[in-house]
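What follows is data-v4.txt (compact mmCIF, C-alpha atoms).
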```
# COMPACT_ATOMS: atom_id res chain seq x y z
CA MET F 734 -15.79 -14.90 -6.56
CA MET F 735 -16.83 -14.46 -10.20
CA GLU F 736 -17.82 -17.55 -12.16
CA GLY F 737 -18.49 -18.04 -15.85
CA LYS F 738 -20.98 -20.33 -17.59
CA SER F 739 -18.59 -23.23 -17.25
CA GLY F 740 -18.55 -22.81 -13.47
CA LYS F 741 -14.92 -21.70 -13.49
CA ARG F 742 -13.57 -18.39 -12.31
CA SER F 743 -13.26 -15.77 -15.01
CA PHE F 744 -9.77 -14.58 -15.84
CA SER F 745 -10.61 -11.03 -14.72
CA GLY F 746 -11.87 -12.33 -11.38
CA PHE F 747 -8.63 -14.21 -10.87
CA ILE F 748 -6.59 -11.12 -11.65
CA GLU F 749 -8.65 -9.03 -9.24
CA GLU F 750 -7.88 -11.57 -6.55
CA LEU F 751 -4.20 -11.51 -7.52
CA SER F 752 -4.01 -7.73 -7.46
CA GLY F 753 -5.38 -7.75 -3.94
CA ALA F 754 -2.54 -10.01 -2.79
CA SER F 755 -0.07 -7.14 -2.47
CA PHE F 756 1.33 -8.59 0.73
CA VAL F 757 2.27 -11.81 -1.08
CA ALA F 758 3.95 -9.81 -3.84
CA SER F 759 6.09 -7.92 -1.32
CA ILE F 760 7.08 -11.12 0.47
CA ALA F 761 8.05 -12.73 -2.84
CA SER F 762 10.17 -9.67 -3.71
CA ILE F 763 11.95 -9.92 -0.36
CA LEU F 764 12.72 -13.62 -0.77
CA VAL F 765 14.01 -13.22 -4.32
CA GLY F 766 16.03 -10.18 -3.26
CA LEU F 767 17.64 -12.08 -0.39
CA LEU F 768 18.49 -14.95 -2.73
CA VAL F 769 20.18 -12.63 -5.21
CA GLY F 770 21.91 -10.89 -2.31
CA TYR F 771 23.34 -14.21 -1.17
CA LEU F 772 24.66 -14.81 -4.68
CA VAL F 773 26.38 -11.42 -4.48
CA LEU F 774 28.03 -12.48 -1.23
CA LEU F 775 29.18 -15.72 -2.84
CA SER F 776 30.69 -13.90 -5.79
CA THR F 777 32.72 -11.52 -3.58
CA ASN F 778 33.81 -13.71 -0.68
CA PRO F 779 32.63 -17.31 -1.06
CA SER F 780 34.45 -18.66 2.02
CA ASN F 781 32.56 -16.36 4.42
CA ALA F 782 29.33 -15.90 2.48
CA ALA F 783 27.28 -18.44 4.45
CA GLN F 784 28.35 -17.12 7.85
CA ALA F 785 27.76 -13.52 6.80
CA PHE F 786 24.31 -14.34 5.45
CA LYS F 787 23.41 -16.08 8.71
CA ALA F 788 24.56 -12.99 10.60
CA LEU F 789 22.35 -10.86 8.36
CA LEU F 790 19.29 -12.98 9.13
CA ARG F 791 19.93 -13.63 12.83
CA SER F 792 21.56 -10.49 14.25
CA GLY F 793 18.33 -8.53 14.55
CA ILE F 794 16.83 -11.17 16.84
CA ALA F 795 20.02 -12.42 18.48
CA ASP F 796 18.96 -10.98 21.84
CA ARG F 797 16.60 -8.43 23.32
CA ARG F 798 19.12 -5.62 22.98
CA SER F 799 19.45 -6.28 19.25
CA MET F 800 15.68 -6.24 18.89
CA GLY F 801 15.63 -2.89 20.67
CA GLN F 802 18.18 -1.54 18.19
CA VAL F 803 15.92 -2.64 15.35
CA LEU F 804 13.11 -0.55 16.85
CA TYR F 805 15.47 2.39 17.36
CA PHE F 806 16.68 2.42 13.75
CA ALA F 807 13.17 1.76 12.43
CA THR F 808 11.60 4.81 14.09
CA PRO F 809 13.04 7.59 11.86
CA VAL F 810 12.76 5.62 8.60
CA MET F 811 9.20 4.70 9.51
CA MET F 812 8.38 8.39 9.61
CA THR F 813 10.15 9.21 6.33
CA GLY F 814 8.54 6.13 4.78
CA LEU F 815 5.15 7.41 5.89
CA SER F 816 6.05 10.79 4.43
CA VAL F 817 6.87 9.33 1.01
CA SER F 818 3.83 7.01 1.16
CA PHE F 819 1.47 9.86 2.00
CA GLY F 820 2.74 11.91 -0.91
CA ASN F 821 2.50 8.98 -3.32
CA LYS F 822 -1.06 8.23 -2.19
CA THR F 823 -2.01 11.75 -3.20
CA GLY F 824 -0.17 11.71 -6.54
CA LEU F 825 2.99 13.51 -5.38
CA PHE F 826 6.53 12.14 -5.18
CA ASN F 827 8.02 13.59 -2.00
CA ILE F 828 11.70 13.04 -2.65
CA GLY F 829 12.40 15.96 -0.31
CA ALA F 830 12.08 13.89 2.87
CA SER F 831 15.82 14.25 3.55
CA GLY F 832 15.67 18.05 3.72
CA GLN F 833 12.48 18.02 5.77
CA PHE F 834 14.04 15.44 8.09
CA ILE F 835 17.18 17.45 8.85
CA VAL F 836 15.31 20.74 9.25
CA GLY F 837 12.98 19.11 11.77
CA ALA F 838 15.95 17.52 13.54
CA TYR F 839 17.73 20.87 13.88
CA VAL F 840 14.67 22.63 15.28
CA ALA F 841 14.14 19.80 17.79
CA ILE F 842 17.76 20.01 18.97
CA LEU F 843 17.57 23.80 19.18
CA VAL F 844 14.47 23.62 21.37
CA GLY F 845 15.89 20.80 23.49
CA VAL F 846 19.19 22.60 24.13
CA ARG F 847 18.17 26.24 24.34
CA LEU F 848 14.64 26.27 25.74
CA THR F 849 15.87 25.70 29.29
CA ALA F 850 13.10 27.79 30.84
CA VAL F 851 10.66 24.95 30.09
CA PRO F 852 10.89 21.78 32.21
CA GLY F 853 12.32 18.77 30.40
CA GLN F 854 9.13 16.70 30.58
CA PHE F 855 7.39 19.39 28.52
CA ARG F 856 10.36 20.44 26.42
CA TRP F 857 10.48 17.24 24.36
CA VAL F 858 6.81 17.64 23.47
CA ILE F 859 7.41 21.21 22.32
CA ALA F 860 10.49 20.04 20.40
CA LEU F 861 8.48 17.40 18.53
CA LEU F 862 5.70 19.85 17.69
CA MET F 863 8.15 22.49 16.47
CA ALA F 864 10.00 19.90 14.38
CA MET F 865 6.71 18.92 12.74
CA PHE F 866 5.95 22.58 12.05
CA ALA F 867 9.39 23.21 10.54
CA GLY F 868 9.25 20.06 8.41
CA GLY F 869 5.72 20.97 7.34
CA ILE F 870 6.83 24.40 6.16
CA TRP F 871 9.78 22.87 4.30
CA GLY F 872 7.46 20.41 2.61
CA ALA F 873 4.77 22.98 1.86
CA LEU F 874 7.12 25.18 -0.20
CA PRO F 875 7.42 22.69 -3.12
CA GLY F 876 3.66 22.19 -2.78
CA VAL F 877 3.06 25.92 -3.25
CA LEU F 878 5.30 25.97 -6.33
CA LYS F 879 3.46 22.93 -7.70
CA SER F 880 0.00 24.37 -7.10
CA LEU F 881 0.66 27.91 -8.32
CA ARG F 882 3.21 27.44 -11.13
CA ASN F 883 3.02 23.69 -11.80
CA VAL F 884 6.70 23.30 -10.88
CA ASN F 885 7.56 19.61 -10.77
CA GLU F 886 7.78 18.62 -7.09
CA VAL F 887 10.70 16.27 -7.73
CA ILE F 888 12.92 19.10 -8.95
CA SER F 889 11.90 21.54 -6.22
CA CYS F 890 12.21 18.88 -3.51
CA ILE F 891 15.76 17.98 -4.61
CA MET F 892 16.68 21.66 -4.45
CA MET F 893 15.10 21.98 -1.01
CA ASN F 894 17.16 18.99 0.18
CA TYR F 895 20.39 20.81 -0.56
CA ILE F 896 19.12 24.11 0.77
CA GLY F 897 18.04 22.39 3.97
CA MET F 898 21.38 20.61 4.41
CA TYR F 899 23.53 23.72 3.94
CA THR F 900 21.20 25.94 5.96
CA VAL F 901 21.18 23.54 8.90
CA ASN F 902 24.98 23.21 8.78
CA PHE F 903 25.30 26.99 8.92
CA LEU F 904 22.75 27.42 11.70
CA ILE F 905 24.33 24.70 13.83
CA THR F 906 27.70 26.48 13.79
CA LYS F 907 25.96 29.66 14.97
CA THR F 908 23.65 28.25 17.62
CA VAL F 909 24.26 24.72 18.97
CA PHE F 910 27.79 23.80 17.83
CA ASP F 911 30.24 21.44 19.52
CA PRO F 912 33.59 22.33 17.88
CA LEU F 913 35.41 19.37 19.43
CA LYS F 914 33.17 16.88 17.61
CA ASN F 915 32.10 19.04 14.65
CA GLN F 916 28.51 18.20 15.55
CA SER F 917 25.50 19.78 17.14
CA LEU F 918 25.29 19.73 20.93
CA ARG F 919 23.52 16.79 22.54
CA VAL F 920 20.07 17.32 23.91
CA PRO F 921 19.99 17.12 27.75
CA THR F 922 18.72 13.83 29.12
CA GLU F 923 15.61 15.35 30.65
CA ALA F 924 14.56 16.81 27.26
CA ASN F 925 14.73 13.50 25.38
CA VAL F 926 11.72 11.39 24.46
CA PRO F 927 10.92 9.17 27.48
CA LYS F 928 12.00 5.54 27.31
CA MET F 929 8.51 4.37 28.34
CA GLY F 930 9.96 1.15 29.73
CA MET F 931 11.77 0.18 26.53
CA ASP F 932 15.15 0.35 28.27
CA LEU F 933 14.00 -2.29 30.74
CA VAL F 934 12.55 -4.65 28.13
CA PHE F 935 15.27 -4.48 25.47
CA ARG F 936 18.48 -4.98 27.40
CA VAL F 937 21.09 -7.65 28.06
CA GLY F 938 22.61 -7.37 31.52
CA ASN F 939 23.87 -3.82 31.93
CA GLN F 940 23.78 -3.15 28.19
CA THR F 941 20.65 -1.31 27.14
CA SER F 942 19.42 -0.56 23.64
CA SER F 943 18.56 2.87 22.28
CA ALA F 944 14.89 1.94 21.93
CA ASN F 945 12.50 4.51 23.38
CA GLY F 946 8.93 5.73 23.28
CA GLY F 947 9.43 7.21 19.83
CA ILE F 948 8.40 3.91 18.24
CA PHE F 949 4.95 4.24 19.80
CA ILE F 950 4.64 7.77 18.43
CA ALA F 951 5.65 6.61 14.94
CA VAL F 952 3.16 3.72 14.95
CA GLY F 953 0.45 6.10 16.18
CA VAL F 954 1.18 8.46 13.29
CA ALA F 955 0.92 5.53 10.86
CA VAL F 956 -2.51 4.60 12.21
CA LEU F 957 -3.62 8.24 12.06
CA ALA F 958 -2.40 8.56 8.45
CA HIS F 959 -4.36 5.45 7.50
CA ILE F 960 -7.51 6.81 9.11
CA ILE F 961 -7.11 10.18 7.38
CA LEU F 962 -6.60 8.65 3.94
CA GLU F 963 -9.20 5.90 4.15
CA ARG F 964 -11.88 7.15 6.53
CA THR F 965 -12.19 10.92 6.11
CA LYS F 966 -13.55 13.31 3.50
CA PHE F 967 -10.26 15.22 3.62
CA GLY F 968 -8.32 12.07 2.76
CA PHE F 969 -10.70 11.25 -0.09
CA GLU F 970 -10.16 14.73 -1.54
CA LEU F 971 -6.37 14.35 -1.30
CA LYS F 972 -6.44 11.00 -3.11
CA ALA F 973 -8.92 12.27 -5.68
CA CYS F 974 -6.55 15.08 -6.63
CA GLY F 975 -3.76 12.54 -6.89
CA PHE F 976 -5.72 10.29 -9.25
CA ASN F 977 -7.01 13.07 -11.50
CA LYS F 978 -6.77 16.69 -10.44
CA ASP F 979 -8.91 17.90 -13.36
CA ALA F 980 -11.75 15.55 -12.42
CA ALA F 981 -11.35 16.55 -8.76
CA LYS F 982 -11.57 20.22 -9.71
CA TYR F 983 -14.71 19.52 -11.75
CA ALA F 984 -16.18 17.83 -8.66
CA GLY F 985 -15.63 21.00 -6.63
CA ILE F 986 -12.43 20.01 -4.84
CA ASN F 987 -9.79 22.71 -4.40
CA GLU F 988 -6.85 20.90 -5.95
CA ARG F 989 -4.36 23.65 -5.08
CA LYS F 990 -5.20 23.43 -1.40
CA CYS F 991 -4.92 19.64 -1.51
CA ILE F 992 -1.46 19.72 -3.11
CA VAL F 993 -0.10 22.14 -0.51
CA ALA F 994 -1.78 20.28 2.36
CA SER F 995 -0.44 16.92 1.20
CA MET F 996 3.14 18.15 0.94
CA ALA F 997 2.87 19.95 4.27
CA ILE F 998 1.64 16.81 6.04
CA ALA F 999 4.36 14.73 4.38
CA GLY F 1000 6.97 17.28 5.45
CA ALA F 1001 5.67 17.29 9.02
CA MET F 1002 6.07 13.51 9.16
CA SER F 1003 9.68 13.72 8.00
CA GLY F 1004 10.41 16.54 10.42
CA LEU F 1005 8.99 14.45 13.26
CA GLY F 1006 11.24 11.58 12.18
CA GLY F 1007 14.29 13.82 12.54
CA ALA F 1008 13.20 14.87 16.01
CA LEU F 1009 12.57 11.29 17.13
CA LEU F 1010 16.06 10.26 16.04
CA TYR F 1011 18.01 13.05 17.76
CA LEU F 1012 15.82 13.14 20.86
CA ALA F 1013 16.16 9.38 21.41
CA GLY F 1014 18.78 9.75 24.14
CA SER F 1015 21.42 7.83 22.16
CA GLY F 1016 23.95 10.67 22.32
CA LYS F 1017 23.68 11.31 18.59
CA GLY F 1018 24.31 14.77 17.12
CA ILE F 1019 23.96 16.25 13.65
CA ASP F 1020 27.32 16.08 11.86
CA VAL F 1021 28.29 19.32 10.13
CA ILE F 1022 29.22 17.72 6.82
CA ASP F 1023 28.02 18.15 3.24
CA VAL F 1024 26.08 14.89 3.17
CA MET F 1025 22.30 14.70 3.09
CA ALA F 1026 20.45 12.72 5.74
CA GLN F 1027 20.29 9.10 4.59
CA GLU F 1028 17.13 8.47 6.63
CA GLY F 1029 15.20 10.61 4.17
CA PHE F 1030 16.18 8.46 1.20
CA ASN F 1031 15.65 5.23 3.15
CA GLY F 1032 12.01 6.25 3.36
CA ILE F 1033 11.67 5.58 -0.38
CA PRO F 1034 12.31 1.80 -0.17
CA VAL F 1035 10.11 1.67 2.92
CA ALA F 1036 7.25 3.21 0.95
CA LEU F 1037 7.86 0.97 -2.07
CA LEU F 1038 7.87 -2.22 -0.01
CA ALA F 1039 4.73 -1.07 1.80
CA LEU F 1040 3.02 -0.29 -1.54
CA ASN F 1041 2.32 3.18 -0.11
CA ASN F 1042 0.17 1.74 2.66
CA PRO F 1043 0.73 3.58 5.98
CA ILE F 1044 0.24 0.42 8.03
CA GLY F 1045 2.50 -1.49 5.66
CA ALA F 1046 5.17 1.17 6.20
CA VAL F 1047 5.37 0.10 9.85
CA PHE F 1048 6.38 -3.44 8.88
CA SER F 1049 8.59 -2.50 5.93
CA SER F 1050 10.56 -0.02 8.08
CA LEU F 1051 11.09 -2.74 10.68
CA PHE F 1052 12.36 -5.03 7.94
CA ILE F 1053 14.76 -2.44 6.49
CA SER F 1054 16.04 -1.70 10.01
CA TYR F 1055 16.40 -5.43 10.66
CA LEU F 1056 18.62 -5.77 7.60
CA ASN F 1057 20.71 -2.77 8.64
CA VAL F 1058 21.34 -4.22 12.10
CA GLY F 1059 22.35 -7.50 10.47
CA GLY F 1060 24.53 -5.62 8.01
CA PHE F 1061 26.65 -4.19 10.83
CA ASN F 1062 27.59 -7.71 11.94
CA MET F 1063 28.48 -8.77 8.40
CA GLN F 1064 31.63 -6.68 8.79
CA LEU F 1065 32.93 -9.38 11.15
CA TYR F 1066 33.25 -11.61 8.09
CA ASN F 1067 35.22 -9.10 5.99
CA PHE F 1068 32.26 -7.66 4.09
CA ALA F 1069 31.99 -3.93 3.53
CA PRO F 1070 28.94 -2.30 5.19
CA GLN F 1071 27.82 -1.12 1.73
CA VAL F 1072 26.90 -4.72 0.87
CA ILE F 1073 23.67 -4.40 2.84
CA GLU F 1074 22.72 -1.39 0.70
CA ILE F 1075 23.20 -3.56 -2.38
CA ILE F 1076 20.90 -6.24 -0.94
CA ILE F 1077 18.23 -3.68 -0.03
CA SER F 1078 18.47 -2.17 -3.52
CA ILE F 1079 17.97 -5.60 -5.08
CA ILE F 1080 14.89 -6.19 -2.94
CA ILE F 1081 13.47 -2.82 -3.95
CA TYR F 1082 14.17 -3.59 -7.61
CA PHE F 1083 12.15 -6.79 -7.48
CA SER F 1084 9.43 -5.04 -5.48
CA ALA F 1085 9.15 -2.34 -8.14
CA PHE F 1086 9.20 -4.99 -10.87
CA SER F 1087 6.26 -6.80 -9.25
CA LEU F 1088 4.31 -3.54 -9.26
CA VAL F 1089 5.06 -3.03 -12.96
CA LEU F 1090 4.01 -6.59 -13.73
CA LYS F 1091 0.71 -6.27 -11.87
CA THR F 1092 -0.03 -2.95 -13.58
CA TRP F 1093 0.66 -4.48 -17.00
CA ILE F 1094 -1.64 -7.43 -16.30
CA ARG F 1095 -4.37 -5.14 -14.96
CA ASN F 1096 -4.21 -2.98 -18.10
CA LEU F 1097 -4.29 -6.10 -20.29
CA VAL F 1098 -7.41 -7.36 -18.54
CA SER F 1099 -9.04 -3.94 -18.78
CA LYS F 1100 -8.50 -3.84 -22.55
CA LYS F 1101 -9.82 -7.38 -22.88
CA ASN F 1102 -12.99 -6.52 -20.96
CA LYS F 1103 -13.55 -3.40 -23.09
CA SER F 1104 -13.23 -5.43 -26.28
CA ARG F 1105 -15.87 -7.85 -24.95
CA VAL F 1106 -18.24 -4.95 -24.27
CA VAL F 1107 -17.81 -3.67 -27.83
CA GLU F 1108 -18.56 -7.12 -29.23
```
Take the structure in this file and express it as structure tokens.
Amino acid sequence: MMEGKSGKRSFSGFIEELSGASFVASIASILVGLLVGYLVLLSTNPSNAAQAFKALLRSGIADRRSMGQVLYFATPVMMTGLSVSFGNKTGLFNIGASGQFIVGAYVAILVGVRLTAVPGQFRWVIALLMAMFAGGIWGALPGVLKSLRNVNEVISCIMMNYIGMYTVNFLITKTVFDPLKNQSLRVPTEANVPKMGMDLVFRVGNQTSSANGGIFIAVGVAVLAHIILERTKFGFELKACGFNKDAAKYAGINERKCIVASMAIAGAMSGLGGALLYLAGSGKGIDVIDVMAQEGFNGIPVALLALNNPIGAVFSSLFISYLNVGGFNMQLYNFAPQVIEIIISIIIYFSAFSLVLKTWIRNLVSKKNKSRVVE
């Protein structure tokens, strides 16, 4: 810890310590967000606000089945959160996670339903790999436009979201369509991701949760992403291009390759998230409707709460999923399910505000230190 002549910590040393307390900042944002959310409940339905807020906080841990549902809902948003985090770490805003997610989901379902020549225990592995490949291609396209023509990735990613949604809707009706439910066909049980004992752990009596081995895959990807970004030369090059692509180019780094690689990896993560959701054995199919996959956009608050840290994305996705499970039970107290989205948005607002505040203080200290050097 830095000390001045008076034996006290310097102001810059204190700020450096503060800026390293990102975890505390996120927790503070969550607490303030929950408080404001409770005030929203009071303003709309004061007689049931307390009971609904208790349901929000307790439902996710009410029993083992509920905890399993938290893991089930957390798996896809963990992957899209990792996708957004990875892009942000390398200076790119991957708002195209929704399109990459649904493209990967479609390819996984197509392999799971149609590739009957391959035994089920191998089919789910092939389905996951193909979903990653499809999502990677979908993510790489905005990267190519960015690297070759400097097309803003936000604009191209938004366009790819819509293209992906409409293309998947069309392909489903031609390949794996269930006209009675206006959805894609369900993947056969043997082609789903194995439960890996999760159905035995997270159950209440005969009622089992939808938790499966996908959560282990998602956590493994988070650890791998952290290792790549923090412990490898490749990750250093990706982050260097994100901080300053001109300086990275001067240092001999191929910034075009890094941009495409970063978007491709981010897209592969989102595509894997889509596969893990629809190969979870929950009986879920892709609805043929003109609505983009919400899991892709939920990855943005996951990344913000995690401060773009891959390991942090594991915990922030669990928290977002926890709130969603609690939000379902709030309907018992005459609250619309959209209320939980308001609460999550408030939390994200305060989380983003804390980031702005820390950046402002850091810049203030930097200017103060420079003025001291000049003197």
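For the set F:Ser818, F:Thr777, F:Ser880, F:Thr813, the residue with the smallest atom-to-atom gap to F:Ala994 is F:Ser880, counting all atoms listed in the file.
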Original post:
Using all atoms listed in the file, which residue out of F:Ile1073, F:Ile870, F:Ala761, F:Val846 lies closest to F:Met996?
Top reply: F:Ile870
Original post:
Taking into account all atoms listed in the file, which residue in the set F:Ala795, F:Val884, F:Leu878, F:Ile891 is nearest to F:Phe1030?
Top reply: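 Answer, going by the shortest atom-to-atom distance: F:Ile891.
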Subject >> Nearest-residue call for F:Cys974, choices F:Glu988, F:Leu790, F:Gly1029, F:Leu962, using all atoms listed in the file >> reply: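 Nearest candidate to F:Cys974 out of F:Glu988, F:Leu790, F:Gly1029, F:Leu962: F:Glu988.
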**OP:** Check the smallest atom-to-atom distance from each of F:Pro1070, F:Gly1014, F:Gly947, F:Gly853 to F:Met812 using only C-alpha atoms, then report the winner.
**Re:** F:Gly947
What are the centre and edge lengths in Å, to one decimal, of the axis-aligned box around all listed atoms of stretch 920-934 of chain F with 8 Å added on each side, as JSON?
```
{"center_x": 14.3, "center_y": 6.3, "center_z": 27.3, "size_x": 27.6, "size_y": 38.0, "size_z": 22.8}
```
**OP:** Might you pull out every residue within 9 Å of F:Ser759, with only C-alpha atoms counted and same-chain residues fewer than 6 positions away left off, and present them as a list in words?
**Re:** Leu1038, Ala1039, Leu1040, Phe1083, Ser1084 and Ser1087 of chain F
**OP:** In Å, rounded to a single decimal, give me how far atom CA of F:Gly876 is from atom CA of F:Ser831.
**Re:**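 So the two atoms, atom CA of F:Ser831 and atom CA of F:Gly876, lie 15.8 Å apart.
Proximity of F:Gln916, F:Leu1012, F:Phe949, F:Gly845 to F:Phe903, computed with only C-alpha atoms, is greatest for F:Gln916.
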Subject >> Distance query F:Asn1067 at most 12 Å, only C-alpha atoms, self and fewer than 5 positions along chain excluded, as a ChimeraX atom specification >> reply: /F:774,777-782,784-785,1060-1062,1072
Subject >> Interatomic distance, atom CA of F:Ala958 to atom CA of F:Glu1028 (Å, one decimal) >> reply: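 About the pair atom CA of F:Ala958 and atom CA of F:Glu1028: they are 19.6 Å apart.
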Subject >> atom CA of F:Leu1009 to atom CA of F:Glu970, straight-line distance in Å >> reply: 29.6 Å
Write out, as a tab-separated table, each residue of stretch 789-839 of chain F that has an atom at most 7 Å from stretch 898-902 of chain F, together with the closest pair of atoms and their distance in Å to one decimal, counting only C-alpha atoms, rows going by chain and rising number.
```
residue	atom	partner	partner_atom	distance
F:Gly832	CA	F:Met898	CA	6.3
F:Ile835	CA	F:Met898	CA	6.9
F:Val836	CA	F:Val901	CA	6.5
F:Tyr839	CA	F:Val901	CA	6.6
```
